[in-house]
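Participant: Provided below: upload.cif, containing mmCIF, C-alpha atoms and all ligand atoms.
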```
data_entry
loop_
_atom_site.group_PDB
_atom_site.id
_atom_site.type_symbol
_atom_site.label_atom_id
_atom_site.label_comp_id
_atom_site.auth_asym_id
_atom_site.auth_seq_id
_atom_site.Cartn_x
_atom_site.Cartn_y
_atom_site.Cartn_z
ATOM 1 C CA MET A 1 0.000 0.000 0.000
ATOM 2 C CA LYS A 2 1.348 3.414 -1.011
ATOM 3 C CA ASN A 3 1.882 6.176 1.512
ATOM 4 C CA LEU A 4 0.652 9.733 0.918
ATOM 5 C CA VAL A 5 3.906 10.961 -0.630
ATOM 6 C CA GLU A 6 4.043 7.978 -3.013
ATOM 7 C CA GLU A 7 0.427 8.573 -3.997
ATOM 8 C CA ILE A 8 1.212 12.204 -4.818
ATOM 9 C CA GLU A 9 4.240 11.116 -6.884
ATOM 10 C CA ALA A 10 2.095 8.667 -8.862
ATOM 11 C CA LEU A 11 -0.661 11.247 -9.452
ATOM 12 C CA LYS A 12 1.915 13.793 -10.548
ATOM 13 C CA LYS A 13 3.213 11.431 -13.248
ATOM 14 C CA GLU A 14 -0.297 10.522 -14.343
ATOM 15 C CA ARG A 15 -1.276 14.184 -14.741
ATOM 16 C CA ASP A 16 2.047 15.487 -16.113
ATOM 17 C CA ALA A 17 2.119 17.842 -13.138
ATOM 18 C CA VAL A 18 4.882 19.783 -11.420
ATOM 19 C CA ILE A 19 4.760 21.020 -7.819
ATOM 20 C CA LEU A 20 6.051 24.544 -7.144
ATOM 21 C CA SER A 21 6.269 25.797 -3.562
ATOM 22 C CA HIS A 22 7.058 29.063 -1.862
ATOM 23 C CA PHE A 23 9.712 29.162 0.876
ATOM 24 C CA TYR A 24 6.972 29.938 3.453
ATOM 25 C CA THR A 25 5.032 26.680 2.989
ATOM 26 C CA PRO A 26 5.375 23.913 5.630
ATOM 27 C CA GLU A 27 8.466 21.699 5.576
ATOM 28 C CA SER A 28 6.480 18.612 4.519
ATOM 29 C CA ILE A 29 5.348 20.504 1.393
ATOM 30 C CA GLN A 30 8.798 21.842 0.493
ATOM 31 C CA ASN A 31 10.204 18.319 0.848
ATOM 32 C CA ILE A 32 7.923 16.838 -1.833
ATOM 33 C CA SER A 33 8.123 19.821 -4.218
ATOM 34 C CA ASP A 34 9.933 19.798 -7.540
ATOM 35 C CA TYR A 35 10.946 23.432 -7.085
ATOM 36 C CA VAL A 36 10.973 25.694 -4.012
ATOM 37 C CA GLY A 37 11.609 29.408 -4.375
ATOM 38 C CA ASP A 38 10.558 33.035 -4.055
ATOM 39 C CA SER A 39 7.767 34.684 -6.048
ATOM 40 C CA TYR A 40 10.016 35.843 -8.909
ATOM 41 C CA TYR A 41 11.695 32.462 -9.405
ATOM 42 C CA LEU A 42 8.375 30.600 -9.244
ATOM 43 C CA SER A 43 6.581 32.937 -11.672
ATOM 44 C CA ARG A 44 9.397 32.482 -14.219
ATOM 45 C CA LEU A 45 9.343 28.712 -13.773
ATOM 46 C CA ALA A 46 5.560 28.526 -14.143
ATOM 47 C CA LYS A 47 5.935 30.079 -17.583
ATOM 48 C CA GLU A 48 9.003 28.122 -18.707
ATOM 49 C CA LEU A 49 8.365 24.565 -17.468
ATOM 50 C CA PRO A 50 6.972 22.076 -20.011
ATOM 51 C CA GLN A 51 4.402 20.466 -17.684
ATOM 52 C CA GLN A 52 0.801 21.442 -18.431
ATOM 53 C CA THR A 53 -0.420 21.155 -14.836
ATOM 54 C CA ILE A 54 1.109 23.239 -12.064
ATOM 55 C CA VAL A 55 0.293 22.572 -8.426
ATOM 56 C CA PHE A 56 1.087 25.933 -6.854
ATOM 57 C CA CYS A 57 1.752 25.670 -3.123
ATOM 58 C CA GLY A 58 1.438 29.218 -1.931
ATOM 59 C CA VAL A 59 -1.321 31.833 -1.850
ATOM 60 C CA THR A 60 -3.883 33.025 -4.394
ATOM 61 C CA PHE A 61 -1.913 35.860 -6.011
ATOM 62 C CA MET A 62 0.939 33.440 -6.799
ATOM 63 C CA ALA A 63 -1.310 30.861 -8.450
ATOM 64 C CA GLU A 64 -3.151 33.612 -10.346
ATOM 65 C CA SER A 65 0.130 35.099 -11.575
ATOM 66 C CA ALA A 66 1.140 31.655 -12.885
ATOM 67 C CA LYS A 67 -2.233 31.329 -14.651
ATOM 68 C CA ILE A 68 -1.957 34.838 -16.142
ATOM 69 C CA LEU A 69 1.522 34.072 -17.511
ATOM 70 C CA SER A 70 0.509 30.602 -18.798
ATOM 71 C CA PRO A 71 -3.229 30.689 -19.579
ATOM 72 C CA GLN A 72 -3.079 27.377 -21.454
ATOM 73 C CA LYS A 73 -1.882 25.516 -18.354
ATOM 74 C CA THR A 74 -3.973 24.156 -15.497
ATOM 75 C CA VAL A 75 -2.878 25.833 -12.254
ATOM 76 C CA LEU A 76 -4.064 24.073 -9.105
ATOM 77 C CA LEU A 77 -4.011 25.826 -5.724
ATOM 78 C CA PRO A 78 -4.480 23.117 -3.048
ATOM 79 C CA ASP A 79 -6.497 25.440 -0.782
ATOM 80 C CA LEU A 80 -8.497 28.158 -2.515
ATOM 81 C CA THR A 81 -8.859 30.080 0.763
ATOM 82 C CA ALA A 82 -5.068 30.518 1.092
ATOM 83 C CA ASP A 83 -4.886 34.229 0.402
ATOM 84 C CA CYS A 84 -2.492 37.078 1.201
ATOM 85 C CA PRO A 85 -4.279 39.825 3.175
ATOM 86 C CA MET A 86 -1.803 42.439 1.895
ATOM 87 C CA ALA A 87 -2.766 41.628 -1.710
ATOM 88 C CA HIS A 88 -6.098 43.347 -1.018
ATOM 89 C CA MET A 89 -4.618 46.516 0.475
ATOM 90 C CA ALA A 90 -4.477 48.579 -2.721
ATOM 91 C CA THR A 91 -7.413 50.102 -4.582
ATOM 92 C CA LYS A 92 -8.185 51.109 -8.152
ATOM 93 C CA GLU A 93 -9.541 54.432 -6.818
ATOM 94 C CA LYS A 94 -6.218 55.329 -5.222
ATOM 95 C CA ILE A 95 -4.341 54.368 -8.390
ATOM 96 C CA LYS A 96 -6.576 56.691 -10.393
ATOM 97 C CA ALA A 97 -6.105 59.506 -7.858
ATOM 98 C CA ALA A 98 -2.305 59.123 -8.085
ATOM 99 C CA ARG A 99 -2.432 59.173 -11.899
ATOM 100 C CA ASP A 100 -4.576 62.323 -11.774
ATOM 101 C CA ALA A 101 -2.193 64.024 -9.338
ATOM 102 C CA TYR A 102 1.126 63.301 -11.131
ATOM 103 C CA ASP A 103 1.997 63.564 -14.829
ATOM 104 C CA ASP A 104 5.298 61.762 -14.735
ATOM 105 C CA LEU A 105 4.162 58.692 -12.776
ATOM 106 C CA ALA A 106 4.756 54.935 -12.865
ATOM 107 C CA VAL A 107 2.421 52.737 -10.838
ATOM 108 C CA VAL A 108 4.625 49.927 -9.540
ATOM 109 C CA CYS A 109 2.940 46.963 -7.980
ATOM 110 C CA TYR A 110 4.492 44.381 -5.689
ATOM 111 C CA ILE A 111 3.508 40.964 -7.078
ATOM 112 C CA ASN A 112 1.645 40.421 -3.764
ATOM 113 C CA SER A 113 -1.534 41.989 -5.153
ATOM 114 C CA THR A 114 -4.784 40.853 -6.740
ATOM 115 C CA SER A 115 -5.093 40.290 -10.504
ATOM 116 C CA GLU A 116 -7.655 43.119 -10.663
ATOM 117 C CA ILE A 117 -5.094 45.580 -9.243
ATOM 118 C CA LYS A 118 -2.373 44.312 -11.622
ATOM 119 C CA GLU A 119 -4.717 45.265 -14.479
ATOM 120 C CA ASP A 120 -4.250 48.976 -13.674
ATOM 121 C CA VAL A 121 -0.508 49.187 -13.050
ATOM 122 C CA ASP A 122 2.556 49.795 -15.228
ATOM 123 C CA VAL A 123 4.822 47.060 -13.957
ATOM 124 C CA CYS A 124 4.982 44.385 -11.257
ATOM 125 C CA VAL A 125 8.032 43.742 -9.103
ATOM 126 C CA THR A 126 9.104 41.253 -6.463
ATOM 127 C CA SER A 127 11.402 41.965 -3.525
ATOM 128 C CA SER A 128 14.287 40.394 -5.468
ATOM 129 C CA ASN A 129 13.999 42.566 -8.602
ATOM 130 C CA ALA A 130 12.327 45.816 -7.423
ATOM 131 C CA LEU A 131 15.539 47.851 -7.033
ATOM 132 C CA LYS A 132 16.731 47.003 -10.523
ATOM 133 C CA ILE A 133 13.371 47.562 -12.224
ATOM 134 C CA ILE A 134 12.406 50.822 -10.484
ATOM 135 C CA GLY A 135 15.934 52.251 -10.783
ATOM 136 C CA ASN A 136 15.671 51.870 -14.578
ATOM 137 C CA LEU A 137 12.162 53.282 -15.045
ATOM 138 C CA PRO A 138 12.070 56.619 -16.920
ATOM 139 C CA GLN A 139 9.422 58.190 -14.630
ATOM 140 C CA LYS A 140 10.454 60.347 -11.677
ATOM 141 C CA ASN A 141 7.367 59.644 -9.529
ATOM 142 C CA ILE A 142 6.656 56.111 -8.316
ATOM 143 C CA TYR A 143 3.321 55.148 -6.767
ATOM 144 C CA PHE A 144 4.297 51.950 -4.979
ATOM 145 C CA ILE A 145 1.543 49.514 -3.912
ATOM 146 C CA PRO A 146 0.471 47.763 -1.751
ATOM 147 C CA ASP A 147 3.313 47.446 0.827
ATOM 148 C CA GLN A 148 4.331 50.650 2.616
ATOM 149 C CA ASN A 149 7.373 49.015 4.274
ATOM 150 C CA LEU A 150 8.879 47.651 1.079
ATOM 151 C CA GLY A 151 8.038 51.002 -0.573
ATOM 152 C CA ALA A 152 9.836 52.966 2.174
ATOM 153 C CA TYR A 153 12.880 50.701 1.905
ATOM 154 C CA LEU A 154 13.022 51.082 -1.891
ATOM 155 C CA ALA A 155 12.647 54.870 -1.546
ATOM 156 C CA SER A 156 15.682 54.911 0.771
ATOM 157 C CA GLN A 157 17.712 52.980 -1.831
ATOM 158 C CA ILE A 158 16.634 54.954 -4.917
ATOM 159 C CA PRO A 159 16.757 58.592 -3.731
ATOM 160 C CA GLN A 160 16.553 59.981 -7.261
ATOM 161 C CA LYS A 161 12.882 58.866 -7.430
ATOM 162 C CA ASN A 162 9.929 60.433 -5.629
ATOM 163 C CA PHE A 163 7.970 57.618 -3.961
ATOM 164 C CA ILE A 164 4.294 57.939 -3.104
ATOM 165 C CA LEU A 165 3.443 55.209 -0.609
ATOM 166 C CA ASN A 166 0.265 53.250 0.032
ATOM 167 C CA ASP A 167 -0.814 52.081 3.509
ATOM 168 C CA GLY A 168 -0.697 48.275 3.001
ATOM 169 C CA TYR A 169 1.491 45.907 5.026
ATOM 170 C CA CYS A 170 2.166 42.226 5.681
ATOM 171 C CA HIS A 171 0.990 41.346 9.178
ATOM 172 C CA VAL A 172 3.799 38.809 9.638
ATOM 173 C CA HIS A 173 6.612 41.282 8.924
ATOM 174 C CA GLN A 174 4.846 44.259 10.497
ATOM 175 C CA ALA A 175 4.922 42.379 13.821
ATOM 176 C CA PHE A 176 8.745 42.520 14.048
ATOM 177 C CA SER A 177 9.922 45.113 16.548
ATOM 178 C CA VAL A 178 13.198 46.737 17.515
ATOM 179 C CA ASP A 179 12.722 45.233 20.969
ATOM 180 C CA SER A 180 12.410 41.671 19.686
ATOM 181 C CA VAL A 181 15.592 42.078 17.613
ATOM 182 C CA LYS A 182 17.465 43.540 20.622
ATOM 183 C CA LYS A 183 16.419 40.578 22.770
ATOM 184 C CA ALA A 184 17.454 38.079 20.098
ATOM 185 C CA LYS A 185 20.825 39.877 19.764
ATOM 186 C CA GLU A 186 21.374 39.720 23.547
ATOM 187 C CA LYS A 187 20.997 35.946 23.396
ATOM 188 C CA ALA A 188 23.230 35.616 20.308
ATOM 189 C CA PRO A 189 25.493 38.683 20.093
ATOM 190 C CA LEU A 190 27.601 37.288 17.250
ATOM 191 C CA ALA A 191 24.622 36.373 15.060
ATOM 192 C CA LYS A 192 24.078 38.319 11.831
ATOM 193 C CA VAL A 193 20.595 39.827 11.474
ATOM 194 C CA LEU A 194 18.907 38.998 8.149
ATOM 195 C CA VAL A 195 15.695 40.897 7.404
ATOM 196 C CA HIS A 196 13.097 40.861 4.624
ATOM 197 C CA PRO A 197 12.246 44.374 3.364
ATOM 198 C CA GLU A 198 8.553 43.929 4.241
ATOM 199 C CA ALA A 199 9.625 44.692 7.847
ATOM 200 C CA PRO A 200 9.320 48.255 9.228
ATOM 201 C CA MET A 201 12.238 50.686 8.602
ATOM 202 C CA ALA A 202 13.223 50.765 12.309
ATOM 203 C CA VAL A 203 13.805 46.996 12.163
ATOM 204 C CA LEU A 204 15.591 47.210 8.800
ATOM 205 C CA SER A 205 18.004 49.700 10.355
ATOM 206 C CA MET A 206 19.241 46.891 12.668
ATOM 207 C CA ALA A 207 19.929 44.462 9.804
ATOM 208 C CA ASP A 208 23.285 43.175 8.617
ATOM 209 C CA TYR A 209 21.571 42.083 5.417
ATOM 210 C CA ILE A 210 18.254 43.130 3.836
ATOM 211 C CA GLY A 211 16.848 41.075 0.981
ATOM 212 C CA SER A 212 14.239 38.788 -0.516
ATOM 213 C CA THR A 213 13.809 35.227 0.725
ATOM 214 C CA GLY A 214 16.090 33.998 -2.065
ATOM 215 C CA GLY A 215 18.602 36.737 -1.190
ATOM 216 C CA ILE A 216 18.581 35.794 2.502
ATOM 217 C CA ILE A 217 19.280 32.128 1.660
ATOM 218 C CA ASP A 218 22.137 33.102 -0.700
ATOM 219 C CA TYR A 219 23.654 35.472 1.849
ATOM 220 C CA ALA A 220 23.598 32.938 4.699
ATOM 221 C CA THR A 221 24.907 30.138 2.473
ATOM 222 C CA LYS A 222 27.856 32.174 1.155
ATOM 223 C CA SER A 223 28.677 33.798 4.517
ATOM 224 C CA ASP A 224 31.643 32.610 6.569
ATOM 225 C CA LYS A 225 29.608 33.366 9.729
ATOM 226 C CA ASN A 226 27.843 30.572 11.603
ATOM 227 C CA SER A 227 24.910 32.159 13.381
ATOM 228 C CA PHE A 228 21.972 34.157 12.003
ATOM 229 C CA ILE A 229 18.786 35.779 13.329
ATOM 230 C CA VAL A 230 16.207 35.508 10.574
ATOM 231 C CA LEU A 231 13.373 38.025 10.335
ATOM 232 C CA THR A 232 10.901 36.725 7.824
ATOM 233 C CA GLU A 233 8.313 33.934 7.777
ATOM 234 C CA GLU A 234 9.829 30.910 9.492
ATOM 235 C CA GLY A 235 9.175 28.501 6.605
ATOM 236 C CA ILE A 236 12.429 29.856 5.133
ATOM 237 C CA LEU A 237 14.307 27.928 7.861
ATOM 238 C CA THR A 238 13.655 24.662 5.980
ATOM 239 C CA GLN A 239 15.904 25.630 3.056
ATOM 240 C CA LEU A 240 18.367 27.578 5.230
ATOM 241 C CA LYS A 241 18.989 24.481 7.371
ATOM 242 C CA LYS A 242 19.040 22.154 4.374
ATOM 243 C CA ASN A 243 21.717 24.274 2.626
ATOM 244 C CA ASN A 244 23.686 24.949 5.819
ATOM 245 C CA PRO A 245 23.379 21.990 8.194
ATOM 246 C CA HIS A 246 26.245 23.201 10.407
ATOM 247 C CA LYS A 247 25.044 26.790 10.829
ATOM 248 C CA GLU A 248 22.625 28.116 13.435
ATOM 249 C CA PHE A 249 19.400 29.911 12.469
ATOM 250 C CA LEU A 250 17.398 31.730 15.141
ATOM 251 C CA THR A 251 14.125 33.631 15.051
ATOM 252 C CA ALA A 252 13.347 36.878 16.888
ATOM 253 C CA GLN A 253 9.793 36.013 17.859
ATOM 254 C CA LYS A 254 7.923 32.980 19.082
ATOM 255 C CA GLU A 255 5.689 32.829 16.033
ATOM 256 C CA GLN A 256 6.831 34.139 12.652
ATOM 257 C CA ILE A 257 4.019 32.408 10.816
ATOM 258 C CA CYS A 258 1.812 33.237 7.847
ATOM 259 C CA PRO A 259 -1.370 31.201 8.548
ATOM 260 C CA ASP A 260 -2.384 31.268 4.883
ATOM 261 C CA MET A 261 0.864 29.675 3.697
ATOM 262 C CA LYS A 262 0.367 26.966 6.322
ATOM 263 C CA LYS A 263 -3.036 26.005 4.878
ATOM 264 C CA ILE A 264 -1.299 23.889 2.219
ATOM 265 C CA THR A 265 -1.129 20.229 3.297
ATOM 266 C CA LEU A 266 -0.123 16.947 1.646
ATOM 267 C CA GLU A 267 -3.750 15.746 1.844
ATOM 268 C CA LYS A 268 -4.928 18.820 -0.075
ATOM 269 C CA ILE A 269 -2.239 18.377 -2.747
ATOM 270 C CA LYS A 270 -3.348 14.794 -3.245
ATOM 271 C CA ALA A 271 -6.988 15.901 -3.421
ATOM 272 C CA VAL A 272 -6.429 18.551 -6.144
ATOM 273 C CA LEU A 273 -4.415 16.115 -8.239
ATOM 274 C CA GLU A 274 -6.920 13.317 -7.742
ATOM 275 C CA ASP A 275 -10.096 15.278 -8.354
ATOM 276 C CA GLU A 276 -8.829 16.783 -11.630
ATOM 277 C CA LEU A 277 -10.248 20.130 -10.589
ATOM 278 C CA ILE A 278 -10.471 22.859 -13.211
ATOM 279 C CA GLY A 279 -7.988 24.986 -11.314
ATOM 280 C CA VAL A 280 -7.494 28.691 -10.787
ATOM 281 C CA GLN A 281 -9.368 30.893 -13.248
ATOM 282 C CA VAL A 282 -8.663 34.505 -14.187
ATOM 283 C CA LEU A 283 -11.206 36.365 -16.329
ATOM 284 C CA ASP A 284 -9.867 36.965 -19.860
ATOM 285 C CA GLN A 285 -10.501 40.674 -19.541
ATOM 286 C CA VAL A 286 -8.542 40.898 -16.263
ATOM 287 C CA ARG A 287 -5.767 38.717 -17.665
ATOM 288 C CA ALA A 288 -5.298 40.945 -20.705
ATOM 289 C CA GLY A 289 -4.424 43.902 -18.452
ATOM 290 C CA ALA A 290 -2.508 42.035 -15.778
ATOM 291 C CA VAL A 291 -0.288 40.062 -18.170
ATOM 292 C CA LYS A 292 1.299 43.282 -19.462
ATOM 293 C CA ALA A 293 2.522 44.248 -15.971
ATOM 294 C CA LEU A 294 3.858 40.738 -15.277
ATOM 295 C CA ASP A 295 5.514 40.331 -18.698
ATOM 296 C CA ARG A 296 7.120 43.754 -18.278
ATOM 297 C CA MET A 297 8.531 42.594 -14.940
ATOM 298 C CA LEU A 298 10.035 39.459 -16.504
ATOM 299 C CA GLU A 299 11.508 41.528 -19.346
ATOM 300 C CA LEU A 300 12.967 44.332 -17.148
ATOM 301 C CA ALA A 301 14.341 41.924 -14.543
ATOM 302 C CA GLU A 302 16.419 40.046 -17.148
HETATM 303 S S1 LIG B 401 3.817 36.273 4.552
HETATM 304 FE FE1 LIG B 401 2.771 38.259 4.422
HETATM 305 S S2 LIG B 401 3.049 38.899 2.302
HETATM 306 FE FE2 LIG B 401 3.503 36.709 2.374
HETATM 307 S S3 LIG B 401 1.540 35.713 1.886
HETATM 308 FE FE3 LIG B 401 1.637 35.840 4.133
HETATM 309 S S4 LIG B 401 0.569 37.772 4.591
HETATM 310 FE FE4 LIG B 401 1.069 37.836 2.425
#
```
Transcribe the structure of this file into structure tokens.
Facilitator:
Amino acid sequence: MKNLVEEIEALKKERDAVILSHFYTPESIQNISDYVGDSYYLSRLAKELPQQTIVFCGVTFMAESAKILSPQKTVLLPDLTADCPMAHMATKEKIKAARDAYDDLAVVCYINSTSEIKEDVDVCVTSSNALKIIGNLPQKNIYFIPDQNLGAYLASQIPQKNFILNDGYCHVHQAFSVDSVKKAKEKAPLAKVLVHPEAPMAVLSMADYIGSTGGIIDYATKSDKNSFIVLTEEGILTQLKKNNPHKEFLTAQKEQICPDMKKITLEKIKAVLEDELIGVQVLDQVRAGAVKALDRMLELAE
């Protein structure tokens, strides 16, 4: 009798499916995935891989982005309620108001946003390519949505641009505080502090390294240091420990957890593969607008 993992493997072959997972998903999911990565890496893969069925282990905006970039493929999200609250923290009304207020404006949208918002923007970015893409845009004014923390960090790195910020945030990263970092540093004074730019500026100012999930893993893996305090969702520890079994990775808070990312389970992956569900759908009209912003990201990030 097959166990759950073997059943998933067999279903995957039967359906010509590939499993893509974000670094924040549970360890059991990352362990059975074909590819694990950050949003930029996964969105590129979803477009380039030959398999016609993608099981996307992450949240709605990720699966929708994969569907927008590859409309001919079936994209299965194992739990349709796994959603990113920050993705809903931008509005079409505010985008219009910004366009009315500034002539020389680019609306730049973090990929963590709904497909309907992507329809109205000039380009998408992820935390790993935002500096490069925004630095090369011709416009002086940048309306950055939805994350105010990532926007403030980018503004500090690209002073030649005038950033207009939105009021969205990720509740996981917003919860990091200067106090929690100080306490973690007291316990491990030699540890390097690695922070994702969705954290508030006061916390970023205490970092030895600021970067995307992929950037944090690269930094820790190449570093000659042995101890790190990691300030992002704790699912990243799976790959950090896998790549660096002899190094120490600490967190600053008891719970650094995104509950939506943790909704993905092995049972749900088996169920979506087994039931041959139709998968994530994006209205053609929405797709037509949103694909331009995502394609532009892939082109400018090259
Ligand atoms: S960790 Fe934050 S940004 Fe990422 S999916 Fe969860 S709520 Fe959204």
Participant: Provide an axis-aligned box for all listed atoms of range 261-274 of chain A, padding each side by 8 Å; report its centre and its edge lengths in Å to one decimal, as JSON.
Facilitator:
```
{"center_x": -3.1, "center_y": 21.5, "center_z": -1.0, "size_x": 23.9, "size_y": 32.4, "size_z": 30.6}
```
Participant: For a quick check of understanding, using all atoms listed in the file, which of A:Leu150, A:Cys258, A:Leu300, A:Leu240 has the smallest distance to Val36 in chain A?
Facilitator: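 Among the listed residues, the smallest separation from Val36 in chain A belongs to A:Leu240.
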Participant: Under the rule that all atoms listed in the file are counted, which of A:Leu137, A:Val203, A:Ala87, A:Thr114 is the nearest residue to Asp167 in chain A?
Facilitator: A:Ala87
Participant: Counting only C-alpha atoms and all ligand atoms, which residues of chain A sit at most 7 Å from some atom of ligand LIG 401 (chain B), and what is each one's closest atom pair with its distance in Å to one decimal, listed by chain and rising residue number, as a Markdown table?
Facilitator:
```
| residue | atom | partner | partner_atom | distance |
| --- | --- | --- | --- | --- |
| A:Val59 | CA | B:LIG401 | S3 | 6.1 |
| A:Asp83 | CA | B:LIG401 | S3 | 6.8 |
| A:Cys84 | CA | B:LIG401 | FE4 | 3.8 |
| A:Pro85 | CA | B:LIG401 | S4 | 5.5 |
| A:Met86 | CA | B:LIG401 | FE4 | 5.5 |
| A:Ala87 | CA | B:LIG401 | FE4 | 6.8 |
| A:Asn112 | CA | B:LIG401 | S2 | 6.4 |
| A:Cys170 | CA | B:LIG401 | FE1 | 4.2 |
| A:His171 | CA | B:LIG401 | S4 | 5.8 |
| A:Val172 | CA | B:LIG401 | FE1 | 5.3 |
| A:His173 | CA | B:LIG401 | FE1 | 6.6 |
| A:Glu233 | CA | B:LIG401 | S1 | 6.0 |
| A:Cys258 | CA | B:LIG401 | FE3 | 4.5 |
| A:Asp260 | CA | B:LIG401 | FE3 | 6.1 |
| A:Met261 | CA | B:LIG401 | FE3 | 6.2 |
```
Participant: Rank A:Ser21, A:Ser205, A:Thr251, A:Gln52 by their smallest atom-to-atom distance to Gly37 in chain A, using all atoms listed in the file, and report the top residue only.
Facilitator: A:Ser21
Participant: Of the candidates A:Asp295, A:Glu274, A:Asp284, A:Asp120, which one gets nearest to Gln72 in chain A if we count only C-alpha atoms?
Facilitator: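 For Gln72 in chain A, the nearest of the given residues is A:Asp284.
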Participant: Quick one: of A:Ala97, A:Val75, A:Ile216, A:Val121, who's nearest to Val291 in chain A, counting all atoms listed in the file?
Facilitator: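 Of all the options, A:Val121 lies closest to Val291 in chain A.
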Participant: Running the PyMOL selection byres (((chain A and resi 269) around 10) and not hetatm) on this model by hand, what would come out? Give it as a PyMOL selection string.
Facilitator: chain A and resi 4-5+8+11-12+19+29+55-57+76-79+264-268+270-274
Participant: Taking into account all atoms listed in the file, which residue in the set A:Ser223, A:Val108, A:Ile95, A:Ile217 is nearest to Lys242 in chain A?
Facilitator: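 Of all the options, A:Ile217 lies closest to Lys242 in chain A.
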Participant: Using all atoms listed in the file, which residues sit within 6 Å of Val107 in chain A once same-chain residues fewer than 2 positions away are excluded, as a list in words?
Facilitator: Val121, Asp122, Ile142 and Tyr143 of chain A
Participant: How far is it from CA of Lys132 in chain A to CA of Gly58 in chain A, in Å with one decimal?
Facilitator: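 Value for the CA of Lys132 in chain A-CA of Gly58 in chain A distance: 25.0 Å.
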